[in-house]
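coords-v5.pdb, holding PDB, C-alpha atoms:
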ATOM      1  CA  MET A   1       0.000   0.000   0.000
ATOM      2  CA  THR A   2       1.095   3.572  -0.731
ATOM      3  CA  LEU A   3       1.167   5.735   2.369
ATOM      4  CA  SER A   4       1.244   9.463   2.801
ATOM      5  CA  ARG A   5       4.394  10.839   4.385
ATOM      6  CA  ARG A   6       2.584  11.375   7.676
ATOM      7  CA  ASP A   7       1.195   7.832   7.713
ATOM      8  CA  GLN A   8       4.597   6.421   6.766
ATOM      9  CA  ILE A   9       6.247   8.225   9.684
ATOM     10  CA  LEU A  10       3.521   7.127  12.108
ATOM     11  CA  LYS A  11       3.813   3.508  10.968
ATOM     12  CA  LEU A  12       7.585   3.512  11.408
ATOM     13  CA  ILE A  13       7.279   5.040  14.879
ATOM     14  CA  VAL A  14       4.763   2.389  15.940
ATOM     15  CA  ASP A  15       6.817  -0.454  14.438
ATOM     16  CA  HIS A  16      10.041   0.811  16.005
ATOM     17  CA  PHE A  17       8.519   1.398  19.431
ATOM     18  CA  ILE A  18       6.966  -2.097  19.402
ATOM     19  CA  LYS A  19      10.413  -3.601  18.813
ATOM     20  CA  THR A  20      12.456  -1.463  21.206
ATOM     21  CA  ALA A  21      10.131   0.038  23.872
ATOM     22  CA  VAL A  22      12.210   3.218  23.455
ATOM     23  CA  PRO A  23      10.656   6.604  22.481
ATOM     24  CA  VAL A  24      11.361   7.443  18.848
ATOM     25  CA  GLY A  25      12.962  10.660  17.613
ATOM     26  CA  SER A  26      13.539  12.066  14.128
ATOM     27  CA  HIS A  27      17.238  11.107  14.044
ATOM     28  CA  THR A  28      16.376   7.497  14.894
ATOM     29  CA  LEU A  29      13.939   7.340  11.969
ATOM     30  CA  ILE A  30      16.455   8.789   9.523
ATOM     31  CA  GLU A  31      19.352   6.593  10.643
ATOM     32  CA  THR A  32      17.365   3.374  10.991
ATOM     33  CA  TYR A  33      15.063   3.590   7.977
ATOM     34  CA  ASP A  34      17.060   5.846   5.617
ATOM     35  CA  LEU A  35      14.160   8.235   5.097
ATOM     36  CA  PRO A  36      14.527  10.789   2.304
ATOM     37  CA  TYR A  37      13.264  13.618   4.499
ATOM     38  CA  SER A  38      15.107  16.189   6.574
ATOM     39  CA  SER A  39      15.080  16.034  10.341
ATOM     40  CA  ALA A  40      13.078  19.288  10.411
ATOM     41  CA  THR A  41      10.423  17.822   8.100
ATOM     42  CA  ILE A  42      10.069  14.688  10.223
ATOM     43  CA  ARG A  43       9.847  16.730  13.423
ATOM     44  CA  ALA A  44       7.096  18.843  11.860
ATOM     45  CA  GLU A  45       5.117  15.724  10.906
ATOM     46  CA  MET A  46       5.631  14.276  14.372
ATOM     47  CA  SER A  47       4.377  17.520  15.904
ATOM     48  CA  ASP A  48       1.268  17.353  13.717
ATOM     49  CA  LEU A  49       0.706  13.700  14.686
ATOM     50  CA  GLU A  50       0.981  14.707  18.319
ATOM     51  CA  GLY A  51      -1.552  17.470  17.718
ATOM     52  CA  LEU A  52      -3.923  14.892  16.253
ATOM     53  CA  GLY A  53      -3.553  12.773  19.389
ATOM     54  CA  LEU A  54      -1.804   9.933  17.565
ATOM     55  CA  LEU A  55       1.563  10.405  19.291
ATOM     56  CA  GLU A  56       2.565  11.367  22.810
ATOM     57  CA  LYS A  57       5.725  12.961  24.138
ATOM     58  CA  THR A  58       7.310  11.284  27.144
ATOM     59  CA  HIS A  59       8.717  13.115  30.142
ATOM     60  CA  THR A  60      12.072  11.366  29.932
ATOM     61  CA  SER A  61      12.917  11.795  26.257
ATOM     62  CA  SER A  62      12.521  14.111  23.289
ATOM     63  CA  GLY A  63      11.157  11.161  21.323
ATOM     64  CA  ARG A  64       7.514  10.232  20.837
ATOM     65  CA  VAL A  65       5.492   7.108  21.552
ATOM     66  CA  PRO A  66       2.155   6.036  20.048
ATOM     67  CA  SER A  67      -0.999   6.924  21.976
ATOM     68  CA  SER A  68      -3.968   4.569  22.286
ATOM     69  CA  LYS A  69      -5.564   6.529  19.452
ATOM     70  CA  GLY A  70      -2.391   6.127  17.410
ATOM     71  CA  TYR A  71      -2.372   2.351  17.922
ATOM     72  CA  ARG A  72      -6.028   2.224  16.911
ATOM     73  CA  TYR A  73      -5.300   4.181  13.724
ATOM     74  CA  TYR A  74      -2.376   1.849  13.012
ATOM     75  CA  ILE A  75      -4.570  -1.230  13.411
ATOM     76  CA  ASP A  76      -7.336   0.140  11.207
ATOM     77  CA  ASN A  77      -5.216   1.690   8.469
ATOM     78  CA  LEU A  78      -1.507   0.865   8.548
ATOM     79  CA  ARG A  79      -0.864  -2.746   9.559
ATOM     80  CA  ASN A  80       0.349  -5.191   6.925
ATOM     81  CA  ARG A  81      -2.078  -7.975   7.881
ATOM     82  CA  SER A  82       0.766 -10.447   7.545
ATOM     83  CA  LEU A  83       0.910 -13.858   9.197
ATOM     84  CA  ASP A  84       3.988 -15.860  10.141
ATOM     85  CA  GLN A  85       4.270 -19.029   8.092
ATOM     86  CA  GLU A  86       5.571 -20.750  11.220
ATOM     87  CA  ILE A  87       2.234 -20.211  12.974
ATOM     88  CA  LYS A  88       0.434 -21.801  10.018
ATOM     89  CA  GLN A  89       2.799 -24.748   9.969
ATOM     90  CA  GLN A  90       2.658 -25.396  13.709
ATOM     91  CA  LEU A  91      -1.133 -25.150  13.816
ATOM     92  CA  GLN A  92      -1.504 -27.488  10.853
ATOM     93  CA  HIS A  93       0.816 -29.961  12.591
ATOM     94  CA  ILE A  94      -1.536 -29.959  15.587
ATOM     95  CA  LEU A  95      -4.645 -30.408  13.436
ATOM     96  CA  ASP A  96      -3.037 -33.284  11.530
ATOM     97  CA  LYS A  97      -2.685 -35.346  14.708
ATOM     98  CA  LYS A  98      -5.334 -37.996  15.193
ATOM     99  CA  ALA A  99      -7.549 -38.810  18.180
ATOM    100  CA  GLN A 100      -7.149 -35.517  20.032
ATOM    101  CA  SER A 101      -9.788 -33.922  22.206
ATOM    102  CA  ILE A 102     -11.100 -30.418  21.547
ATOM    103  CA  ASP A 103      -9.481 -29.242  24.783
ATOM    104  CA  ASP A 104      -6.078 -30.615  23.742
ATOM    105  CA  ILE A 105      -6.218 -28.908  20.345
ATOM    106  CA  ILE A 106      -7.252 -25.553  21.813
ATOM    107  CA  LYS A 107      -4.590 -25.828  24.530
ATOM    108  CA  GLN A 108      -1.794 -26.514  22.034
ATOM    109  CA  SER A 109      -3.022 -23.748  19.718
ATOM    110  CA  CYS A 110      -2.935 -21.218  22.548
ATOM    111  CA  GLU A 111       0.536 -22.352  23.568
ATOM    112  CA  ILE A 112       1.673 -21.649  19.989
ATOM    113  CA  LEU A 113      -0.034 -18.247  20.087
ATOM    114  CA  ALA A 114       1.688 -17.308  23.357
ATOM    115  CA  HIS A 115       5.081 -18.541  22.184
ATOM    116  CA  MET A 116       4.946 -16.810  18.805
ATOM    117  CA  THR A 117       3.828 -13.444  20.225
ATOM    118  CA  ASN A 118       5.806 -13.519  23.515
ATOM    119  CA  LEU A 119       2.571 -12.568  25.245
ATOM    120  CA  ALA A 120      -0.035 -14.378  27.325
ATOM    121  CA  SER A 121      -2.922 -16.187  25.674
ATOM    122  CA  ILE A 122      -6.145 -17.004  27.470
ATOM    123  CA  VAL A 123      -8.974 -19.443  26.861
ATOM    124  CA  LEU A 124     -12.212 -18.449  28.548
ATOM    125  CA  GLY A 125     -14.912 -21.096  28.862
ATOM    126  CA  PRO A 126     -18.663 -20.532  28.723
ATOM    127  CA  ASN A 127     -20.526 -18.633  31.400
ATOM    128  CA  ALA A 128     -21.500 -20.897  34.311
ATOM    129  CA  LYS A 129     -24.944 -19.253  34.396
ATOM    130  CA  GLU A 130     -25.725 -20.825  31.037
ATOM    131  CA  GLU A 131     -25.034 -24.438  32.076
ATOM    132  CA  ARG A 132     -26.951 -26.915  34.194
ATOM    133  CA  LEU A 133     -25.891 -30.045  36.012
ATOM    134  CA  VAL A 134     -26.908 -33.311  34.319
ATOM    135  CA  SER A 135     -25.127 -35.974  36.375
ATOM    136  CA  LEU A 136     -23.036 -36.697  39.453
ATOM    137  CA  SER A 137     -20.989 -39.828  40.051
ATOM    138  CA  ILE A 138     -18.243 -41.245  42.240
ATOM    139  CA  ILE A 139     -15.590 -43.618  40.906
ATOM    140  CA  PRO A 140     -13.507 -45.624  43.420
ATOM    141  CA  ILE A 141      -9.787 -45.298  42.685
ATOM    142  CA  SER A 142      -8.384 -47.483  45.456
ATOM    143  CA  GLY A 143      -9.391 -48.763  48.862
ATOM    144  CA  ASN A 144      -9.135 -45.314  50.423
ATOM    145  CA  SER A 145      -9.743 -42.814  47.594
ATOM    146  CA  ALA A 146     -12.356 -41.925  45.002
ATOM    147  CA  THR A 147     -13.022 -39.301  42.357
ATOM    148  CA  ALA A 148     -16.195 -37.222  42.342
ATOM    149  CA  ILE A 149     -17.299 -36.251  38.831
ATOM    150  CA  PHE A 150     -20.019 -33.962  37.555
ATOM    151  CA  VAL A 151     -21.139 -33.264  33.987
ATOM    152  CA  THR A 152     -23.086 -30.294  32.621
ATOM    153  CA  ASP A 153     -25.562 -30.064  29.748
ATOM    154  CA  GLN A 154     -22.832 -28.350  27.682
ATOM    155  CA  GLY A 155     -20.484 -31.322  27.972
ATOM    156  CA  TYR A 156     -18.176 -29.851  30.599
ATOM    157  CA  VAL A 157     -16.675 -32.358  33.047
ATOM    158  CA  GLU A 158     -15.183 -31.459  36.437
ATOM    159  CA  ASN A 159     -13.637 -33.825  38.966
ATOM    160  CA  LYS A 160     -12.229 -33.883  42.477
ATOM    161  CA  THR A 161     -10.241 -36.765  43.975
ATOM    162  CA  PHE A 162     -10.542 -37.219  47.738
ATOM    163  CA  VAL A 163      -9.618 -39.622  50.528
ATOM    164  CA  ILE A 164     -12.336 -41.888  51.921
ATOM    165  CA  PRO A 165     -12.341 -42.228  55.739
ATOM    166  CA  GLU A 166     -11.688 -45.755  56.923
ATOM    167  CA  GLN A 167     -15.035 -45.941  58.687
ATOM    168  CA  MET A 168     -17.005 -44.941  55.572
ATOM    169  CA  ALA A 169     -18.465 -47.756  53.472
ATOM    170  CA  MET A 170     -18.704 -47.488  49.692
ATOM    171  CA  LYS A 171     -22.476 -48.015  49.913
ATOM    172  CA  ASP A 172     -22.714 -44.824  51.986
ATOM    173  CA  LEU A 173     -20.833 -42.963  49.261
ATOM    174  CA  GLN A 174     -23.277 -44.220  46.672
ATOM    175  CA  LYS A 175     -26.237 -43.248  48.892
ATOM    176  CA  SER A 176     -24.827 -39.734  49.079
ATOM    177  CA  VAL A 177     -24.504 -39.511  45.309
ATOM    178  CA  THR A 178     -28.061 -40.761  44.833
ATOM    179  CA  LEU A 179     -29.338 -38.043  47.161
ATOM    180  CA  LEU A 180     -27.309 -35.331  45.446
ATOM    181  CA  ASN A 181     -28.503 -36.421  42.009
ATOM    182  CA  GLU A 182     -32.111 -36.280  43.176
ATOM    183  CA  ARG A 183     -31.705 -32.781  44.599
ATOM    184  CA  LEU A 184     -29.245 -31.120  42.223
ATOM    185  CA  ILE A 185     -29.776 -32.330  38.648
ATOM    186  CA  GLY A 186     -31.088 -29.497  36.498
ATOM    187  CA  THR A 187     -29.637 -26.797  38.760
ATOM    188  CA  PRO A 188     -27.682 -23.973  37.049
ATOM    189  CA  VAL A 189     -23.980 -24.418  37.800
ATOM    190  CA  SER A 190     -23.765 -20.919  39.266
ATOM    191  CA  GLU A 191     -26.320 -21.952  41.938
ATOM    192  CA  LEU A 192     -24.858 -25.346  42.858
ATOM    193  CA  VAL A 193     -22.752 -24.223  45.819
ATOM    194  CA  ALA A 194     -25.670 -22.418  47.473
ATOM    195  CA  LYS A 195     -27.975 -25.384  46.885
ATOM    196  CA  MET A 196     -25.360 -27.794  48.273
ATOM    197  CA  GLU A 197     -25.225 -25.715  51.445
ATOM    198  CA  ALA A 198     -29.033 -25.773  51.713
ATOM    199  CA  ILE A 199     -29.226 -29.583  51.571
ATOM    200  CA  ARG A 200     -26.227 -30.160  53.807
ATOM    201  CA  PRO A 201     -28.397 -30.939  56.898
ATOM    202  CA  ILE A 202     -30.271 -33.590  54.892
ATOM    203  CA  LEU A 203     -26.992 -35.127  53.771
ATOM    204  CA  GLN A 204     -25.822 -35.120  57.375
ATOM    205  CA  ASP A 205     -28.885 -37.127  58.442
ATOM    206  CA  TYR A 206     -28.451 -39.483  55.505
ATOM    207  CA  VAL A 207     -24.756 -40.403  55.883
ATOM    208  CA  ALA A 208     -22.604 -40.199  59.011
ATOM    209  CA  GLU A 209     -19.407 -39.224  57.195
ATOM    210  CA  HIS A 210     -21.245 -36.746  54.964
ATOM    211  CA  ASP A 211     -18.644 -33.974  55.176
ATOM    212  CA  VAL A 212     -16.154 -35.799  52.940
ATOM    213  CA  VAL A 213     -18.692 -36.046  50.130
ATOM    214  CA  TYR A 214     -19.908 -32.503  50.679
ATOM    215  CA  GLN A 215     -16.414 -31.010  50.493
ATOM    216  CA  ALA A 216     -15.469 -33.015  47.393
ATOM    217  CA  PHE A 217     -18.456 -31.866  45.333
ATOM    218  CA  ALA A 218     -18.541 -28.322  46.767
ATOM    219  CA  HIS A 219     -14.894 -27.766  45.774
ATOM    220  CA  ALA A 220     -15.561 -29.075  42.269
ATOM    221  CA  PHE A 221     -18.601 -26.783  41.918
ATOM    222  CA  LEU A 222     -16.644 -23.785  43.204
ATOM    223  CA  HIS A 223     -13.883 -24.370  40.661
ATOM    224  CA  PHE A 224     -16.362 -24.340  37.818
ATOM    225  CA  ALA A 225     -18.626 -21.531  39.039
ATOM    226  CA  SER A 226     -15.682 -19.153  39.488
ATOM    227  CA  ASP A 227     -15.360 -19.076  35.661
ATOM    228  CA  ARG A 228     -12.925 -21.185  33.723
ATOM    229  CA  LEU A 229      -9.878 -19.325  32.576
ATOM    230  CA  ARG A 230      -6.788 -21.084  31.278
ATOM    231  CA  LEU A 231      -3.645 -19.023  30.907
ATOM    232  CA  TYR A 232      -0.597 -19.701  28.740
ATOM    233  CA  GLY A 233       2.644 -17.745  28.346
ATOM    234  CA  GLN A 234       2.469 -15.621  31.490
ATOM    235  CA  ASP A 235       6.241 -15.872  31.967
ATOM    236  CA  GLU A 236       6.826 -14.289  28.547
ATOM    237  CA  LEU A 237       4.371 -11.533  29.423
ATOM    238  CA  PHE A 238       5.949 -10.832  32.809
ATOM    239  CA  SER A 239       9.339 -10.411  31.117
ATOM    240  CA  GLN A 240       8.114  -7.507  28.962
ATOM    241  CA  PRO A 241       9.951  -4.317  30.083
ATOM    242  CA  GLU A 242       6.738  -2.469  30.992
ATOM    243  CA  PHE A 243       6.109  -5.005  33.747
ATOM    244  CA  SER A 244       9.534  -6.405  34.627
ATOM    245  CA  ASN A 245      10.796  -2.890  35.442
ATOM    246  CA  ASP A 246       7.738  -1.673  37.372
ATOM    247  CA  ALA A 247       6.564  -3.626  40.423
ATOM    248  CA  GLN A 248       3.190  -1.887  40.665
ATOM    249  CA  LYS A 249       2.346  -2.499  37.021
ATOM    250  CA  LEU A 250       3.329  -6.137  37.469
ATOM    251  CA  ARG A 251       1.024  -6.464  40.496
ATOM    252  CA  ASN A 252      -1.817  -4.889  38.524
ATOM    253  CA  LEU A 253      -1.203  -7.276  35.653
ATOM    254  CA  ILE A 254      -1.241 -10.321  37.941
ATOM    255  CA  SER A 255      -4.545  -9.096  39.371
ATOM    256  CA  LEU A 256      -5.964  -8.721  35.865
ATOM    257  CA  LEU A 257      -4.944 -12.241  34.849
ATOM    258  CA  ASP A 258      -6.902 -13.543  37.833
ATOM    259  CA  SER A 259     -10.088 -11.712  36.790
ATOM    260  CA  PRO A 260     -12.174 -13.853  34.402
ATOM    261  CA  ALA A 261     -15.056 -11.356  34.543
ATOM    262  CA  VAL A 262     -12.902  -8.688  32.861
ATOM    263  CA  PHE A 263     -12.080 -10.962  29.936
ATOM    264  CA  ARG A 264     -15.690 -12.111  29.669
ATOM    265  CA  ASP A 265     -16.859  -8.489  29.417
ATOM    266  CA  VAL A 266     -14.294  -7.781  26.694
ATOM    267  CA  SER A 267     -15.141 -10.903  24.688
ATOM    268  CA  GLN A 268     -18.863 -10.078  24.669
ATOM    269  CA  GLU A 269     -18.410  -6.634  23.136
ATOM    270  CA  GLY A 270     -17.922  -7.556  19.481
ATOM    271  CA  GLU A 271     -19.015 -10.176  16.992
ATOM    272  CA  ASN A 272     -15.498 -11.177  15.977
ATOM    273  CA  ILE A 273     -12.279  -9.439  17.052
ATOM    274  CA  THR A 274     -12.464  -7.061  20.020
ATOM    275  CA  ILE A 275      -9.463  -4.818  20.703
ATOM    276  CA  LYS A 276      -9.096  -2.906  23.956
ATOM    277  CA  ILE A 277      -6.049  -0.619  24.064
ATOM    278  CA  GLY A 278      -5.467   0.604  27.625
ATOM    279  CA  GLU A 279      -9.242   0.787  28.047
ATOM    280  CA  VAL A 280      -9.868  -1.995  30.565
ATOM    281  CA  GLY A 281      -9.518   0.137  33.703
ATOM    282  CA  GLU A 282      -7.353   2.840  35.251
ATOM    283  CA  GLU A 283      -5.024   0.336  36.895
ATOM    284  CA  TYR A 284      -4.583  -1.449  33.550
ATOM    285  CA  GLU A 285      -3.888   1.572  31.348
ATOM    286  CA  ASP A 286      -0.676  -0.019  30.020
ATOM    287  CA  VAL A 287      -2.419  -3.258  29.029
ATOM    288  CA  SER A 288      -4.148  -4.254  25.808
ATOM    289  CA  ILE A 289      -6.501  -7.186  25.311
ATOM    290  CA  ILE A 290      -7.368  -8.637  21.931
ATOM    291  CA  SER A 291     -10.162 -11.203  22.017
ATOM    292  CA  THR A 292     -12.128 -13.293  19.550
ATOM    293  CA  LYS A 293     -15.092 -15.609  19.975
ATOM    294  CA  LEU A 294     -14.594 -19.326  19.418
ATOM    295  CA  LYS A 295     -17.579 -21.179  17.951
ATOM    296  CA  ILE A 296     -17.301 -24.966  17.877
ATOM    297  CA  PRO A 297     -20.286 -27.145  16.861
ATOM    298  CA  GLY A 298     -21.935 -28.828  19.810
ATOM    299  CA  HIS A 299     -20.062 -26.760  22.383
ATOM    300  CA  PRO A 300     -20.899 -23.525  24.189
ATOM    301  CA  GLU A 301     -19.326 -20.378  22.822
ATOM    302  CA  GLY A 302     -16.003 -19.480  24.410
ATOM    303  CA  SER A 303     -13.273 -17.031  23.534
ATOM    304  CA  ILE A 304      -9.528 -16.785  23.031
ATOM    305  CA  ALA A 305      -7.649 -13.641  24.030
ATOM    306  CA  VAL A 306      -4.131 -12.284  23.947
ATOM    307  CA  VAL A 307      -2.959  -9.989  26.753
ATOM    308  CA  GLY A 308       0.076  -7.752  26.578
ATOM    309  CA  PRO A 309       1.409  -4.228  26.936
ATOM    310  CA  THR A 310      -0.127  -1.508  24.791
ATOM    311  CA  ARG A 311       3.199  -1.715  22.941
ATOM    312  CA  MET A 312       2.301  -5.143  21.526
ATOM    313  CA  ASP A 313       2.763  -6.114  17.884
ATOM    314  CA  TYR A 314      -0.867  -5.622  16.841
ATOM    315  CA  ASP A 315      -0.292  -6.672  13.244
ATOM    316  CA  ARG A 316       1.147 -10.019  14.294
ATOM    317  CA  VAL A 317      -1.280 -10.644  17.162
ATOM    318  CA  VAL A 318      -4.497  -9.760  15.346
ATOM    319  CA  SER A 319      -3.493 -11.748  12.255
ATOM    320  CA  ALA A 320      -2.506 -14.778  14.337
ATOM    321  CA  LEU A 321      -5.648 -14.665  16.470
ATOM    322  CA  GLU A 322      -7.929 -14.348  13.436
ATOM    323  CA  TYR A 323      -6.152 -17.218  11.698
ATOM    324  CA  ILE A 324      -6.173 -19.590  14.674
ATOM    325  CA  ALA A 325      -9.829 -18.957  15.525
ATOM    326  CA  GLY A 326     -10.829 -19.390  11.878
ATOM    327  CA  MET A 327      -8.819 -22.582  11.434
ATOM    328  CA  LEU A 328     -10.210 -24.141  14.630
ATOM    329  CA  GLU A 329     -13.791 -23.363  13.641
ATOM    330  CA  ASP A 330     -13.265 -24.721  10.092
ATOM    331  CA  TYR A 331     -11.574 -27.834  11.448
ATOM    332  CA  PHE A 332     -14.332 -28.713  13.918
ATOM    333  CA  ASN A 333     -17.103 -27.778  11.455
ATOM    334  CA  HIS A 334     -15.524 -30.155   8.947
ATOM    335  CA  LYS A 335     -15.300 -32.939  11.539
ATOM    336  CA  GLU A 336     -18.931 -32.349  12.519
ATOM    337  CA  LYS A 337     -20.095 -32.854   8.929
ATOM    338  CA  LYS A 338     -18.251 -36.162   8.467
TER     339      LYS A 338
END
Would you write out, as structure tokens, the structure that this file holds?
Amino acid sequence: MTLSRRDQILKLIVDHFIKTAVPVGSHTLIETYDLPYSSATIRAEMSDLEGLGLLEKTHTSSGRVPSSKGYRYYIDNLRNRSLDQEIKQQLQHILDKKAQSIDDIIKQSCEILAHMTNLASIVLGPNAKEERLVSLSIIPISGNSATAIFVTDQGYVENKTFVIPEQMAMKDLQKSVTLLNERLIGTPVSELVAKMEAIRPILQDYVAEHDVVYQAFAHAFLHFASDRLRLYGQDELFSQPEFSNDAQKLRNLISLLDSPAVFRDVSQEGENITIKIGEVGEEYEDVSIISTKLKIPGHPEGSIAVVGPTRMDYDRVVSALEYIAGMLEDYFNHKEKK
């Protein structure tokens, strides 16, 4: 694409700042990119870009950095929309493997995404309010342990392994499960913990060692109801200079990564790709989130997101996220039709 001089300078500033995290001045642009313009001309364009709100001047340098508005303009008008061939090859290698679960394929795809972008990738499962319990069971593992399992109407499975007290008979375990099935099946997952607490006195009358069963299922329900968020590549993200050199920003970031509700709100904003550039909250002004919905036949809608500093490589991240989400949906749609 042919760019105006102003757009060319803005693009180079964004690209250079993404790579270096260092404010960009006119001399840097001339020396690094061999521009055919004088330093005075470039400074004038940079001043105009600052006036338009696309660049900002830092307190510690005469150079400029992109503003949130500048990044947005770059994404909409200046990015190359290029995709690394390595991402394509690695994803295809995953899809070519046989007998893999949906969870395994999504997990490996997000690991690739995190590795290739040096950022964190996140998989956010469906909202617990939209799912209901369909079955509870207990599977003996050994003489003194068992695994409690529950399944929802959306196909989600959660489990909790626990130790069986010596004085508790297996028939008492099964009686407990029968009672819980009678009382809990059909309950929205988000209400399971409260309902478990309400029937606890009944369970106590039913089985002497009721607390073991109660704790096992209550912990499993809590894990699900708190929203499922799987995180990949956090070490790469923490090593980014914005966070590794600023303890408070790092603490804020860690808090954000433990907040599924924030990512759910972002993912619900758009139909496809949603891009939030320093717009998540005051304490996260240096963080960007790029999210896309993931629609797989027979499964509740989830989302995949990439989290990083506002200085992330938007061209690479958006292209990779669009490609991976599209390939996963095509792959599972194709399998569904077979």
Can you translate the PyMOL selection byres ((chain A and resi 17-20) around 7) into the concrete residues it hits in this file, as a list in words? Ile13, Val14, Asp15, His16, Ala21, Val22, Pro23, Val24, Val65, Arg311, Met312 and Asp313 of chain A
Straight-line distance linking CA of Glu197 (chain A) with CA of Ser142 (chain A), stated in Å to one decimal: 28.2 Å
Residue contacts of region 33-49 of chain A (10 Å, all atoms listed in the file) excluding same-chain residues fewer than 6 positions away, as a list in words: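 The filter keeps Arg5, Arg6, Asp7, Gln8, Ile9, Leu10, Leu12, Ile13, His16, Val24, Gly25, Ser26, His27, Leu55, Glu56, Lys57, Gly63, Arg64, Pro66 and Gly70 of chain A.
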Between CA of Thr28 (chain A) and CA of Lys249 (chain A), what is the spacing in Å?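 CA of Lys249 (chain A) sits 28.0 Å away from CA of Thr28 (chain A).
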Which value, in Å to one decimal, gives the distance between CA of Lys69 (chain A) and CA of Gly278 (chain A)?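 Separating CA of Lys69 (chain A) from CA of Gly278 (chain A) is a distance of 10.1 Å.
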Residues within 10 Å of (-24.4, -24.0, 44.0), file coordinates, counting only C-alpha atoms: what are they? Give the list as a count of residues only. 18
Compile the contact shell of Ile149 (chain A) as a count of residues only: residues with an atom at most 10 Å away, counting only C-alpha atoms, same-chain residues fewer than 3 positions apart removed. 14
What lies within 10 Å of Gly143 (chain A) using only C-alpha atoms, ignoring chain neighbours under 4 positions off, as a PyMOL selection string? chain A and resi 163-166+170
Please rebuild region 178-192 of chain A with N, CA and C atoms and return the result as an mmCIF file, keeping the file's coordinate frame.
data_model
loop_
_atom_site.group_PDB
_atom_site.id
_atom_site.type_symbol
_atom_site.label_atom_id
_atom_site.label_comp_id
_atom_site.auth_asym_id
_atom_site.auth_seq_id
_atom_site.Cartn_x
_atom_site.Cartn_y
_atom_site.Cartn_z
ATOM 1 N N THR A 178 -26.654 -40.632 45.222
ATOM 2 C CA THR A 178 -28.061 -40.761 44.833
ATOM 3 C C THR A 178 -28.869 -39.572 45.337
ATOM 4 N N LEU A 179 -28.634 -39.193 46.598
ATOM 5 C CA LEU A 179 -29.338 -38.043 47.161
ATOM 6 C C LEU A 179 -29.006 -36.761 46.410
ATOM 7 N N LEU A 180 -27.730 -36.549 46.137
ATOM 8 C CA LEU A 180 -27.309 -35.331 45.446
ATOM 9 C C LEU A 180 -27.880 -35.268 44.033
ATOM 10 N N ASN A 181 -27.907 -36.393 43.345
ATOM 11 C CA ASN A 181 -28.503 -36.421 42.009
ATOM 12 C C ASN A 181 -29.976 -36.041 42.063
ATOM 13 N N GLU A 182 -30.685 -36.571 43.055
ATOM 14 C CA GLU A 182 -32.111 -36.280 43.176
ATOM 15 C C GLU A 182 -32.359 -34.799 43.420
ATOM 16 N N ARG A 183 -31.490 -34.170 44.186
ATOM 17 C CA ARG A 183 -31.705 -32.781 44.599
ATOM 18 C C ARG A 183 -31.073 -31.733 43.693
ATOM 19 N N LEU A 184 -30.031 -32.128 42.930
ATOM 20 C CA LEU A 184 -29.245 -31.120 42.223
ATOM 21 C C LEU A 184 -29.353 -31.149 40.701
ATOM 22 N N ILE A 185 -29.733 -32.267 40.110
ATOM 23 C CA ILE A 185 -29.776 -32.330 38.648
ATOM 24 C C ILE A 185 -30.749 -31.283 38.105
ATOM 25 N N GLY A 186 -30.302 -30.570 37.088
ATOM 26 C CA GLY A 186 -31.088 -29.497 36.498
ATOM 27 C C GLY A 186 -30.791 -28.129 37.074
ATOM 28 N N THR A 187 -29.987 -28.074 38.121
ATOM 29 C CA THR A 187 -29.637 -26.797 38.760
ATOM 30 C C THR A 187 -28.588 -26.054 37.937
ATOM 31 N N PRO A 188 -28.744 -24.739 37.712
ATOM 32 C CA PRO A 188 -27.682 -23.973 37.049
ATOM 33 C C PRO A 188 -26.383 -24.088 37.831
ATOM 34 N N VAL A 189 -25.270 -24.217 37.135
ATOM 35 C CA VAL A 189 -23.980 -24.418 37.800
ATOM 36 C C VAL A 189 -23.670 -23.283 38.762
ATOM 37 N N SER A 190 -24.062 -22.065 38.407
ATOM 38 C CA SER A 190 -23.765 -20.919 39.266
ATOM 39 C C SER A 190 -24.513 -20.980 40.594
ATOM 40 N N GLU A 191 -25.537 -21.850 40.707
ATOM 41 C CA GLU A 191 -26.320 -21.952 41.938
ATOM 42 C C GLU A 191 -26.009 -23.221 42.733
ATOM 43 N N LEU A 192 -25.100 -24.053 42.235
ATOM 44 C CA LEU A 192 -24.858 -25.346 42.858
ATOM 45 C C LEU A 192 -24.303 -25.240 44.277
#
